[in-house]
file input.txt (compact mmCIF, C-alpha atoms and all ligand atoms)
# COMPACT_ATOMS: atom_id res chain seq x y z
CA MET A 1 27.03 -3.89 58.47
CA ASN A 2 27.14 -2.80 54.82
CA CYS A 3 27.44 0.97 55.30
CA SER A 4 27.12 1.83 51.62
CA GLU A 5 23.38 1.06 51.72
CA LYS A 6 22.70 2.96 54.94
CA VAL A 7 23.17 6.53 56.08
CA GLN A 8 25.46 6.97 59.05
CA VAL A 9 24.66 9.91 61.28
CA VAL A 10 26.82 12.28 63.32
CA LEU A 11 25.12 14.72 65.69
CA GLY A 12 27.57 17.52 66.44
CA GLY A 13 29.21 16.55 63.15
CA THR A 14 29.88 20.14 62.14
CA SER A 15 33.05 20.79 64.15
CA GLY A 16 36.02 19.19 65.90
CA MET A 17 35.92 15.45 66.57
CA GLY A 18 32.37 15.07 65.23
CA LEU A 19 33.35 16.47 61.84
CA ALA A 20 36.48 14.29 61.74
CA THR A 21 34.30 11.27 62.60
CA ALA A 22 31.83 12.17 59.83
CA ILE A 23 34.62 12.46 57.24
CA ALA A 24 36.02 9.08 58.31
CA LEU A 25 32.59 7.38 58.25
CA GLY A 26 32.00 8.98 54.85
CA LYS A 27 34.63 6.69 53.32
CA GLN A 28 32.12 3.84 53.82
CA GLY A 29 28.97 5.49 52.44
CA PRO A 30 26.56 8.41 52.90
CA VAL A 31 26.79 10.52 56.05
CA LEU A 32 24.37 13.00 57.59
CA VAL A 33 25.65 15.64 60.01
CA GLY A 34 23.62 17.80 62.39
CA GLY A 35 24.30 20.90 64.45
CA ARG A 36 22.58 24.15 65.45
CA ASN A 37 24.60 26.79 63.62
CA GLU A 38 23.66 27.09 59.92
CA LYS A 39 27.00 28.49 58.77
CA ARG A 40 28.96 25.75 60.54
CA LEU A 41 26.57 23.20 59.04
CA ALA A 42 27.07 24.51 55.48
CA ASP A 43 30.87 24.59 55.96
CA ALA A 44 30.82 21.01 57.28
CA VAL A 45 28.81 19.72 54.31
CA ALA A 46 31.27 21.52 51.99
CA ALA A 47 34.18 19.87 53.85
CA LEU A 48 32.51 16.45 53.48
CA LYS A 49 32.02 16.98 49.76
CA GLU A 50 35.60 18.18 49.37
CA ALA A 51 36.72 14.94 51.04
CA GLY A 52 34.73 13.00 48.40
CA VAL A 53 31.95 12.07 50.82
CA GLU A 54 28.25 11.78 49.94
CA GLY A 55 27.49 14.25 52.71
CA TYR A 56 24.17 15.63 53.90
CA GLY A 57 23.43 18.25 56.54
CA LYS A 58 20.38 19.26 58.50
CA GLN A 59 20.03 21.74 61.29
CA CYS A 60 19.27 20.08 64.59
CA ASP A 61 19.30 20.90 68.30
CA ILE A 62 19.56 17.66 70.27
CA SER A 63 18.12 19.31 73.38
CA ASP A 64 14.87 19.89 71.47
CA ARG A 65 13.06 16.60 70.83
CA ALA A 66 10.89 18.04 68.02
CA SER A 67 13.99 19.28 66.19
CA LEU A 68 15.61 15.87 66.62
CA ASP A 69 12.50 14.04 65.37
CA ALA A 70 12.50 16.16 62.20
CA PHE A 71 16.21 15.33 61.82
CA VAL A 72 15.52 11.58 62.15
CA GLU A 73 12.73 11.84 59.58
CA TYR A 74 15.14 13.52 57.16
CA ALA A 75 17.75 10.81 57.81
CA THR A 76 15.25 8.05 56.94
CA SER A 77 14.42 9.86 53.67
CA ILE A 78 18.08 9.42 52.59
CA ALA A 79 18.45 5.70 53.39
CA PRO A 80 17.88 3.27 56.28
CA ILE A 81 19.81 4.49 59.33
CA GLY A 82 23.11 2.79 60.13
CA ASN A 83 25.50 3.74 62.93
CA VAL A 84 24.75 6.89 64.92
CA VAL A 85 27.44 8.98 66.61
CA ASN A 86 26.50 11.65 69.12
CA ALA A 87 29.41 14.09 69.42
CA ALA A 88 27.20 17.09 70.25
CA GLY A 89 28.14 18.72 73.52
CA VAL A 90 29.03 22.00 75.20
CA ASP A 91 31.31 22.84 78.13
CA THR A 92 30.59 26.55 78.50
CA GLY A 93 27.51 28.74 79.03
CA ALA A 94 24.89 28.53 81.73
CA SER A 95 24.86 25.32 83.79
CA GLU A 96 21.26 24.70 82.79
CA LEU A 97 22.17 24.81 79.09
CA ILE A 98 25.05 22.40 79.64
CA TRP A 99 22.65 20.00 81.40
CA LYS A 100 20.03 20.46 78.71
CA ILE A 101 22.38 19.62 75.85
CA ASN A 102 24.73 17.05 77.38
CA VAL A 103 22.18 15.18 79.53
CA GLN A 104 18.70 15.72 78.06
CA GLY A 105 20.21 15.87 74.55
CA THR A 106 21.89 12.49 74.97
CA ILE A 107 18.62 10.95 76.22
CA ASN A 108 16.78 12.52 73.28
CA VAL A 109 19.28 11.09 70.77
CA VAL A 110 18.95 7.57 72.15
CA GLU A 111 15.16 7.70 72.38
CA ALA A 112 14.75 9.21 68.90
CA PHE A 113 17.11 6.78 67.15
CA LEU A 114 16.51 3.53 69.04
CA PRO A 115 13.43 2.56 66.95
CA TYR A 116 15.62 2.75 63.81
CA ILE A 117 18.64 0.90 65.22
CA GLY A 118 19.16 -2.71 64.15
CA GLY A 119 22.43 -4.57 63.73
CA SER A 120 24.17 -1.23 64.22
CA CYS A 121 25.76 0.92 66.91
CA LEU A 122 25.19 4.18 68.75
CA VAL A 123 28.31 5.94 70.01
CA ASN A 124 28.12 8.72 72.59
CA TYR A 125 30.93 11.14 73.40
CA SER A 126 31.54 11.35 77.15
CA SER A 127 34.77 12.80 78.57
CA ILE A 128 37.69 11.74 80.70
CA THR A 129 36.41 14.37 83.16
CA GLY A 130 33.40 12.15 83.89
CA TYR A 131 35.71 9.96 85.99
CA TYR A 132 36.36 12.88 88.34
CA TYR A 133 32.71 13.17 89.35
CA GLN A 134 31.09 11.09 92.06
CA PRO A 135 27.27 11.06 91.79
CA SER A 136 25.31 10.99 95.05
CA GLN A 137 22.73 8.31 95.92
CA GLU A 138 20.02 10.88 95.13
CA GLU A 139 21.47 11.53 91.68
CA LEU A 140 21.83 7.81 90.96
CA ALA A 141 18.20 7.21 91.97
CA LEU A 142 17.08 9.93 89.54
CA TRP A 143 19.39 8.72 86.77
CA ALA A 144 17.74 5.30 87.05
CA ASN A 145 14.56 6.76 85.54
CA PRO A 146 15.58 9.26 82.84
CA THR A 147 12.20 9.26 81.08
CA ALA A 148 10.34 10.47 84.21
CA PRO A 149 8.41 13.65 83.36
CA ASP A 150 10.33 15.78 85.90
CA PHE A 151 13.73 14.14 85.25
CA PHE A 152 15.40 17.24 83.83
CA GLU A 153 14.46 19.62 86.67
CA LYS A 154 15.09 17.13 89.48
CA SER A 155 18.38 15.78 88.13
CA PHE A 156 19.67 19.29 87.44
CA GLU A 157 18.72 20.42 90.93
CA ALA A 158 20.24 17.35 92.60
CA THR A 159 23.57 18.02 90.87
CA THR A 160 23.78 21.77 91.14
CA LYS A 161 22.70 22.01 94.80
CA LYS A 162 25.68 19.91 95.86
CA GLU A 163 28.50 21.63 97.68
CA ILE A 164 31.50 22.04 95.45
CA ASP A 165 34.57 20.11 96.55
CA PRO A 166 36.97 22.90 97.61
CA ARG A 167 39.76 21.26 95.55
CA MET A 168 37.64 21.75 92.42
CA ALA A 169 36.07 25.11 93.26
CA PHE A 170 38.55 27.04 91.11
CA MET A 171 37.01 25.42 88.01
CA GLY A 172 33.65 27.06 88.68
CA PRO A 173 30.09 25.71 88.86
CA GLN A 174 29.71 25.35 85.08
CA PHE A 175 32.68 23.01 84.87
CA LEU A 176 31.28 20.87 87.64
CA THR A 177 27.96 20.68 85.82
CA TYR A 178 29.92 19.67 82.71
CA ILE A 179 31.82 16.84 84.39
CA ALA A 180 28.62 15.63 86.11
CA SER A 181 26.87 15.66 82.70
CA LYS A 182 29.67 13.56 81.22
CA ARG A 183 29.48 11.11 84.15
CA PHE A 184 25.79 10.84 83.32
CA VAL A 185 26.61 10.05 79.66
CA GLN A 186 28.84 7.17 80.84
CA TYR A 187 26.15 5.87 83.21
CA TYR A 188 23.32 6.27 80.70
CA THR A 189 25.30 4.52 77.96
CA ALA A 190 25.98 1.57 80.27
CA ALA A 191 22.33 1.43 81.38
CA ASN A 192 21.21 1.10 77.74
CA ALA A 193 23.27 -1.98 76.90
CA LEU A 194 20.33 -4.38 77.31
CA ARG A 195 17.88 -2.27 75.28
CA PHE A 196 20.36 -2.18 72.40
CA GLY A 197 21.33 -5.83 72.84
CA LYS A 198 17.69 -6.83 72.37
CA LYS A 199 17.91 -5.17 68.96
CA ASN A 200 21.13 -7.00 68.13
CA SER A 201 22.83 -3.62 68.39
CA GLN A 202 25.56 -1.97 70.42
CA ILE A 203 25.97 1.22 72.41
CA PHE A 204 29.21 2.52 73.86
CA SER A 205 30.78 5.86 74.68
CA VAL A 206 34.20 7.29 73.95
CA ALA A 207 35.91 9.45 76.57
CA PRO A 208 38.28 11.94 74.96
CA GLY A 209 41.12 13.35 77.05
CA SER A 210 42.22 16.64 75.49
CA PHE A 211 41.78 17.04 71.75
CA ASP A 212 42.68 19.98 69.57
CA THR A 213 39.21 21.27 68.63
CA PRO A 214 37.39 24.62 68.76
CA MET A 215 35.99 23.58 72.17
CA LEU A 216 39.43 23.14 73.69
CA ARG A 217 40.79 26.24 71.93
CA GLU A 218 38.30 28.36 73.90
CA SER A 219 40.99 28.22 76.62
CA SER A 220 44.08 30.44 76.54
CA ASP A 221 47.26 29.20 74.80
CA GLU A 222 48.92 28.95 78.21
CA VAL A 223 46.17 26.71 79.57
CA VAL A 224 46.22 24.57 76.41
CA ALA A 225 50.01 24.16 76.69
CA GLY A 226 49.59 23.04 80.31
CA ILE A 227 46.91 20.53 79.29
CA ALA A 228 49.20 19.12 76.58
CA ARG A 229 52.01 18.68 79.12
CA GLY A 230 49.63 16.53 81.19
CA THR A 231 49.74 13.71 78.64
CA ALA A 232 52.36 11.01 78.14
CA PHE A 233 53.24 12.44 74.72
CA GLY A 234 53.20 16.13 75.65
CA ARG A 235 50.61 16.94 73.02
CA LEU A 236 46.88 17.21 72.44
CA GLY A 237 45.02 14.49 70.55
CA ARG A 238 44.14 15.14 66.94
CA PRO A 239 40.41 14.89 66.03
CA GLU A 240 41.36 12.39 63.29
CA GLU A 241 42.86 10.09 65.94
CA MET A 242 39.51 9.91 67.75
CA ALA A 243 37.71 9.39 64.43
CA ASP A 244 40.06 6.54 63.53
CA PHE A 245 39.56 4.97 66.99
CA ILE A 246 35.77 4.95 66.51
CA ILE A 247 35.98 3.63 62.94
CA LYS A 248 38.13 0.71 64.05
CA LEU A 249 35.71 -0.13 66.87
CA LEU A 250 32.80 -0.14 64.43
CA GLU A 251 34.56 -2.60 62.12
CA PRO A 252 33.17 -6.16 61.91
CA GLY A 253 34.57 -8.39 64.64
CA HIS A 254 33.79 -6.04 67.53
CA GLU A 255 30.10 -6.87 67.87
CA TYR A 256 30.55 -8.07 71.49
CA LEU A 257 31.62 -4.57 72.53
CA THR A 258 28.78 -2.74 74.28
CA GLY A 259 27.79 -0.80 77.40
CA VAL A 260 31.28 0.51 78.07
CA ASP A 261 33.13 3.82 78.10
CA LEU A 262 36.42 3.77 76.24
CA ILE A 263 39.13 6.27 77.05
CA LEU A 264 41.38 7.80 74.39
CA ASP A 265 43.54 10.36 76.13
CA GLY A 266 47.26 9.96 75.44
CA GLY A 267 47.76 8.78 79.02
CA LYS A 268 46.14 11.83 80.66
CA HIS A 269 44.03 9.77 83.08
CA ALA A 270 46.99 7.56 84.00
CA MET A 271 49.21 10.59 84.56
CA GLY A 272 46.56 12.27 86.71
CA THR A 273 45.76 9.27 88.89
CA VAL A 274 48.87 7.09 89.18
CA LYS A 275 52.34 8.26 90.19
CA GLN A 276 54.47 7.72 87.12
CA TYR A 277 57.75 5.80 87.25
CA GLU A 278 60.83 7.88 86.47
N1 LIG B 1 37.90 18.65 72.81
C1 LIG B 1 38.15 17.95 73.90
O1 LIG B 1 39.29 17.93 74.38
C2 LIG B 1 37.06 17.13 74.57
C3 LIG B 1 37.41 16.45 75.74
C4 LIG B 1 36.45 15.65 76.37
C5 LIG B 1 35.18 15.52 75.82
N2 LIG B 1 34.87 16.20 74.68
C6 LIG B 1 33.51 16.00 74.14
O2 LIG B 1 33.61 15.55 72.80
C7 LIG B 1 32.50 16.03 72.03
C8 LIG B 1 33.03 16.75 70.81
O3 LIG B 1 33.82 17.84 71.27
P1 LIG B 1 34.66 18.81 70.31
O4 LIG B 1 35.81 19.25 71.11
O5 LIG B 1 34.84 18.19 68.99
O6 LIG B 1 33.63 20.04 70.27
P2 LIG B 1 33.32 21.20 69.21
O7 LIG B 1 34.42 21.34 68.21
O8 LIG B 1 32.92 22.37 70.03
O9 LIG B 1 32.02 20.61 68.46
C9 LIG B 1 30.84 20.40 69.15
C10 LIG B 1 29.77 20.07 68.14
O10 LIG B 1 28.53 19.87 68.83
C11 LIG B 1 27.51 20.65 68.18
N3 LIG B 1 26.47 20.95 69.16
C12 LIG B 1 26.60 21.59 70.35
N4 LIG B 1 25.41 21.67 70.94
C13 LIG B 1 24.51 21.07 70.10
C14 LIG B 1 23.10 20.84 70.16
N5 LIG B 1 22.36 21.28 71.19
N6 LIG B 1 22.53 20.17 69.15
C15 LIG B 1 23.25 19.73 68.09
N7 LIG B 1 24.58 19.92 67.98
C16 LIG B 1 25.19 20.60 68.98
C17 LIG B 1 28.27 21.87 67.66
O11 LIG B 1 27.57 22.57 66.64
P3 LIG B 1 26.61 23.82 66.98
O12 LIG B 1 27.27 24.60 68.08
O13 LIG B 1 26.50 24.56 65.69
O14 LIG B 1 25.33 23.23 67.41
C18 LIG B 1 29.50 21.17 67.12
O15 LIG B 1 29.23 20.58 65.87
C19 LIG B 1 31.69 16.90 72.99
O16 LIG B 1 30.62 16.14 73.51
C20 LIG B 1 32.66 17.25 74.09
O17 LIG B 1 32.02 17.50 75.32
C21 LIG B 1 35.77 17.02 74.06
call {"tool": "encode", "arguments": {"input": "input.txt", "output": "C-alpha cells"}}
result
Amino acid sequence: MNCSEKVQVVLGGTSGMGLATAIALGKQGPVLVGGRNEKRLADAVAALKEAGVEGYGKQCDISDRASLDAFVEYATSIAPIGNVVNAAGVDTGASELIWKINVQGTINVVEAFLPYIGGSCLVNYSSITGYYYQPSQEELALWANPTAPDFFEKSFEATTKKEIDPRMAFMGPQFLTYIASKRFVQYYTAANALRFGKKNSQIFSVAPGSFDTPMLRESSDEVVAGIARGTAFGRLGRPEEMADFIIKLLEPGHEYLTGVDLILDGGKHAMGTVKQYE
C-alpha cells in the first residue's frame, strides 16, 4: 500500500505504544491520532510534528459509537483511510468501564472502519494476559454474536458473575475483567479474518508483554521491577520496539498474515509457562 496517499490512523495514539506507533507510521505519510483527553491529544500532535510527521489529532472515545463515527468522518476528510491501529485500552477503573472500552470499543472500531478498509490492515492491541483467561461456553456463545443488541450487558454479566480462581483473586475483579477483555480482543480479531479477507484486507492483534508506558507506570516501582525480572532480558519493552514490530508486519510481503495474535513480550510468556533450562 502506498501510505503517502492515505491517512493511517491510531486510536489511543496519544500515549505509550500508540503514540510510538503513530510516530513510526508517520515516516510513511499522514497520521491521525485519537484519544479522549484534550491535553494529551494536543501534546501528541505536537510530538508528531516535532518528529517531522504530518500529524492530525481529533478527540475520540472508542466506547461511544457516535464519537467514533465523527472521528472516521474527519479521517476521510484528510485522505482515503489506510491502515488502522487500535491501541486504545484501559486496565484500571470500574470493571464496566474496562469492558466498555476494551470490548465494546474494539467492536466499534472494527465496525466503524471496516467500510473504509481495502487493501489495508487493522491492528488491535490485545495483551499477553489474554492467554491467562479461559472463557466459558456461555461467554463463547455470546462472543459469537457481538452485534446482538444486548451483547454488552450479557457478555459483561457472563464474565463478571464467574467465580474468581483463588490463585488469581489477589489481582482483584478489575484485573480479571481486563484479562477477559483482552482474551475477547484476541477472539474477536480471529473471528474477523474472513470479513477482512473478503475486502482483500488483513486484521491481526499484537499482544504486548510488559512495556514501559504510562499504563504500566501506574504500578509501584517495586512491582515494575518485579515485572521486568519476569522477562528473559530482565527489562521492560520499549514502546518503540512494539511500534517497529508493527511497522515491519505492515510492510509489503506480509499480506498472508491475518486473523492471528502475535506476542511481543521479551520471553515473559515462555518464562511464565515453561520451566526454563539452567
Ligand atoms: N503497557 C503494557 O505493558 C501493556 C501490556 C499489555 C497490553 N497493553 C495494551 O496495549 C495498549 C496500549 O497500552 P499503553 O501501555 O501504551 O497505554 P497508555 O500509555 O495508557 O495509552 C492508552 C491510550 O489509549 C487511549 N484511550 C483509552 N481509552 C480510550 C477510549 N475510550 N477512547 C479512545 N482512546 C482511549 C488513551 O488516551 P485517553 O486516556 O486520553 O483517552 C491513550 O492514548 C492498551 O490496549 C493496553 O491494554 C499494554
call {"tool": "atom_distance", "arguments": {"input": "input.txt", "atom1": "atom CA of Asp265 of chain A", "atom2": "atom CA of Ser220 of chain A"}}
result
20.1 Å
call {"tool": "closest_atom_pairs", "arguments": {"input": "input.txt", "of": "chain A", "to": "ligand LIG 1 (chain B)", "cutoff": "7 Å", "atoms": "only C-alpha atoms and all ligand atoms", "output": "CSV"}}
result
residue,atom,partner,partner_atom,distance
A:Leu11,CA,B:LIG1,N7,5.7
A:Gly12,CA,B:LIG1,O10,3.5
A:Gly13,CA,B:LIG1,O15,4.9
A:Thr14,CA,B:LIG1,O15,3.8
A:Ser15,CA,B:LIG1,O15,4.2
A:Gly16,CA,B:LIG1,O5,3.5
A:Met17,CA,B:LIG1,O5,3.8
A:Gly18,CA,B:LIG1,O5,5.5
A:Gly34,CA,B:LIG1,C15,6.0
A:Gly35,CA,B:LIG1,N7,3.7
A:Arg36,CA,B:LIG1,O14,3.5
A:Asn37,CA,B:LIG1,O13,3.6
A:Glu38,CA,B:LIG1,O13,6.9
A:Arg40,CA,B:LIG1,O13,5.8
A:Leu41,CA,B:LIG1,O13,6.8
A:Cys60,CA,B:LIG1,C15,5.3
A:Asp61,CA,B:LIG1,N6,3.4
A:Ile62,CA,B:LIG1,N6,4.0
A:Ser63,CA,B:LIG1,N5,5.2
A:Ala87,CA,B:LIG1,C7,4.5
A:Ala88,CA,B:LIG1,O10,3.4
A:Gly89,CA,B:LIG1,O16,3.6
A:Val90,CA,B:LIG1,O17,5.4
A:Asp91,CA,B:LIG1,O17,6.1
A:Ile101,CA,B:LIG1,N5,4.9
A:Gly105,CA,B:LIG1,N5,6.7
A:Tyr125,CA,B:LIG1,O16,5.0
A:Ser126,CA,B:LIG1,C5,5.7
A:Ser127,CA,B:LIG1,C5,3.9
A:Ile128,CA,B:LIG1,C4,6.0
A:Thr129,CA,B:LIG1,C4,6.9
A:Ala207,CA,B:LIG1,C5,6.2
A:Pro208,CA,B:LIG1,C4,4.4
A:Gly209,CA,B:LIG1,C3,5.0
A:Ser210,CA,B:LIG1,O1,3.4
A:Phe211,CA,B:LIG1,O1,3.7
A:Asp212,CA,B:LIG1,N1,5.9
A:Thr213,CA,B:LIG1,O4,4.7
A:Pro214,CA,B:LIG1,O7,4.5
A:Met215,CA,B:LIG1,O8,3.9
A:Leu216,CA,B:LIG1,N1,4.8
call {"tool": "closest_residue", "arguments": {"input": "input.txt", "among": "A:Asp43, A:Pro80, A:Phe113, A:Trp99", "to": "Leu68 of chain A", "atoms": "only C-alpha atoms"}}
result
A:Phe113
call {"tool": "closest_residue", "arguments": {"input": "input.txt", "among": "A:Ala228, A:Thr258, A:Ser181, A:Pro239", "to": "Leu194 of chain A", "atoms": "only C-alpha atoms"}}
result
A:Thr258
call {"tool": "residues_around", "arguments": {"input": "input.txt", "residues": "Val123 of chain A", "least_positions_apart": "2", "cutoff": "6 Å", "atoms": "all atoms listed in the file", "output": "MDAnalysis selection string"}}
result
chainID A and resid 85 203:205
call {"tool": "write_last_selection", "arguments": {"input": "input.txt", "atoms": "C-alpha atoms", "output": "mmCIF file, in the coordinates of the input"}}
result
data_model
loop_
_atom_site.group_PDB
_atom_site.id
_atom_site.type_symbol
_atom_site.label_atom_id
_atom_site.label_comp_id
_atom_site.auth_asym_id
_atom_site.auth_seq_id
_atom_site.Cartn_x
_atom_site.Cartn_y
_atom_site.Cartn_z
ATOM 1 C CA VAL A 85 27.440 8.980 66.610
ATOM 2 C CA ILE A 203 25.970 1.220 72.410
ATOM 3 C CA PHE A 204 29.210 2.520 73.860
ATOM 4 C CA SER A 205 30.780 5.860 74.680
#
call {"tool": "closest_residue", "arguments": {"input": "input.txt", "among": "A:Thr76, A:Thr231, A:Thr159, A:Gln134", "to": "Ala270 of chain A", "atoms": "only C-alpha atoms"}}
result
A:Thr231
call {"tool": "closest_residue", "arguments": {"input": "input.txt", "among": "A:Pro166, A:Gly55, A:Pro173, A:Pro115", "to": "Val10 of chain A", "atoms": "only C-alpha atoms"}}
result
A:Gly55
call {"tool": "residues_around", "arguments": {"input": "input.txt", "residues": "Thr147 of chain A", "least_positions_apart": "4", "cutoff": "10 Å", "atoms": "all atoms listed in the file", "output": "ChimeraX atom specification"}}
result
/A:104,107-108,111,142-143,151-152
call {"tool": "closest_residue", "arguments": {"input": "input.txt", "among": "A:Thr92, A:Pro30, A:Ala112, A:Asn86", "to": "Asp64 of chain A", "atoms": "only C-alpha atoms"}}
result
A:Ala112
call {"tool": "atom_distance", "arguments": {"input": "input.txt", "atom1": "atom CA of Val45 of chain A", "atom2": "atom CA of Gly119 of chain A"}}
result
26.8 Å
call {"tool": "closest_residue", "arguments": {"input": "input.txt", "among": "A:Val72, A:Val223, A:Val185, A:Ala169", "to": "Gly130 of chain A", "atoms": "all atoms listed in the file"}}
result
A:Val185
call {"tool": "axis_aligned_box", "arguments": {"input": "input.txt", "around": "segment 43-52 of chain A", "padding_each_side": "6 Å", "output": "AutoDock Vina command-line options"}}
result
--center_x 32.8 --center_y 18.8 --center_z 52.8 --size_x 19.9 --size_y 23.6 --size_z 20.9
call {"tool": "atom_distance", "arguments": {"input": "input.txt", "atom1": "atom CA of Ala141 of chain A", "atom2": "atom CA of Lys199 of chain A"}}
result
26.1 Å
call {"tool": "residues_around", "arguments": {"input": "input.txt", "residues": "Cys121 of chain A", "least_positions_apart": "3", "cutoff": "7 Å", "atoms": "only C-alpha atoms", "output": "ChimeraX atom specification"}}
result
/A:83-84,201-203
call {"tool": "decode", "arguments": {"input": "input.txt", "residues": "segment 229-240 of chain A", "atoms": "N, CA and C atoms", "output": "CSV table (one decimal), in the first residue's frame"}}
result
chain,number,residue,atom,x,y,z
A,229,ARG,N,11.9,-8.3,35.9
A,229,ARG,CA,12.7,-9.6,36.2
A,229,ARG,C,12.0,-10.8,35.5
A,230,GLY,N,10.7,-10.7,35.3
A,230,GLY,CA,10.0,-11.9,34.7
A,230,GLY,C,10.2,-12.0,33.2
A,231,THR,N,11.1,-11.3,32.6
A,231,THR,CA,11.4,-11.4,31.2
A,231,THR,C,12.8,-12.0,31.0
A,232,ALA,N,13.0,-12.5,29.8
A,232,ALA,CA,14.3,-13.2,29.5
A,232,ALA,C,15.5,-12.2,29.6
A,233,PHE,N,15.2,-10.9,29.4
A,233,PHE,CA,16.2,-9.9,29.3
A,233,PHE,C,16.2,-9.0,30.6
A,234,GLY,N,15.3,-9.3,31.5
A,234,GLY,CA,15.3,-8.5,32.8
A,234,GLY,C,15.0,-7.1,32.6
A,235,ARG,N,14.2,-6.8,31.5
A,235,ARG,CA,13.8,-5.4,31.3
A,235,ARG,C,12.4,-5.3,30.7
A,236,LEU,N,11.8,-4.1,30.8
A,236,LEU,CA,10.5,-3.9,30.1
A,236,LEU,C,10.8,-3.7,28.7
A,237,GLY,N,9.7,-3.8,27.8
A,237,GLY,CA,9.9,-3.5,26.4
A,237,GLY,C,9.8,-2.0,26.3
A,238,ARG,N,10.4,-1.5,25.2
A,238,ARG,CA,10.3,0.0,24.9
A,238,ARG,C,9.1,0.2,23.9
A,239,PRO,N,8.3,1.2,24.1
A,239,PRO,CA,7.2,1.4,23.1
A,239,PRO,C,7.6,1.4,21.7
A,240,GLU,N,8.8,1.9,21.4
A,240,GLU,CA,9.4,2.0,20.0
A,240,GLU,C,9.6,0.6,19.5
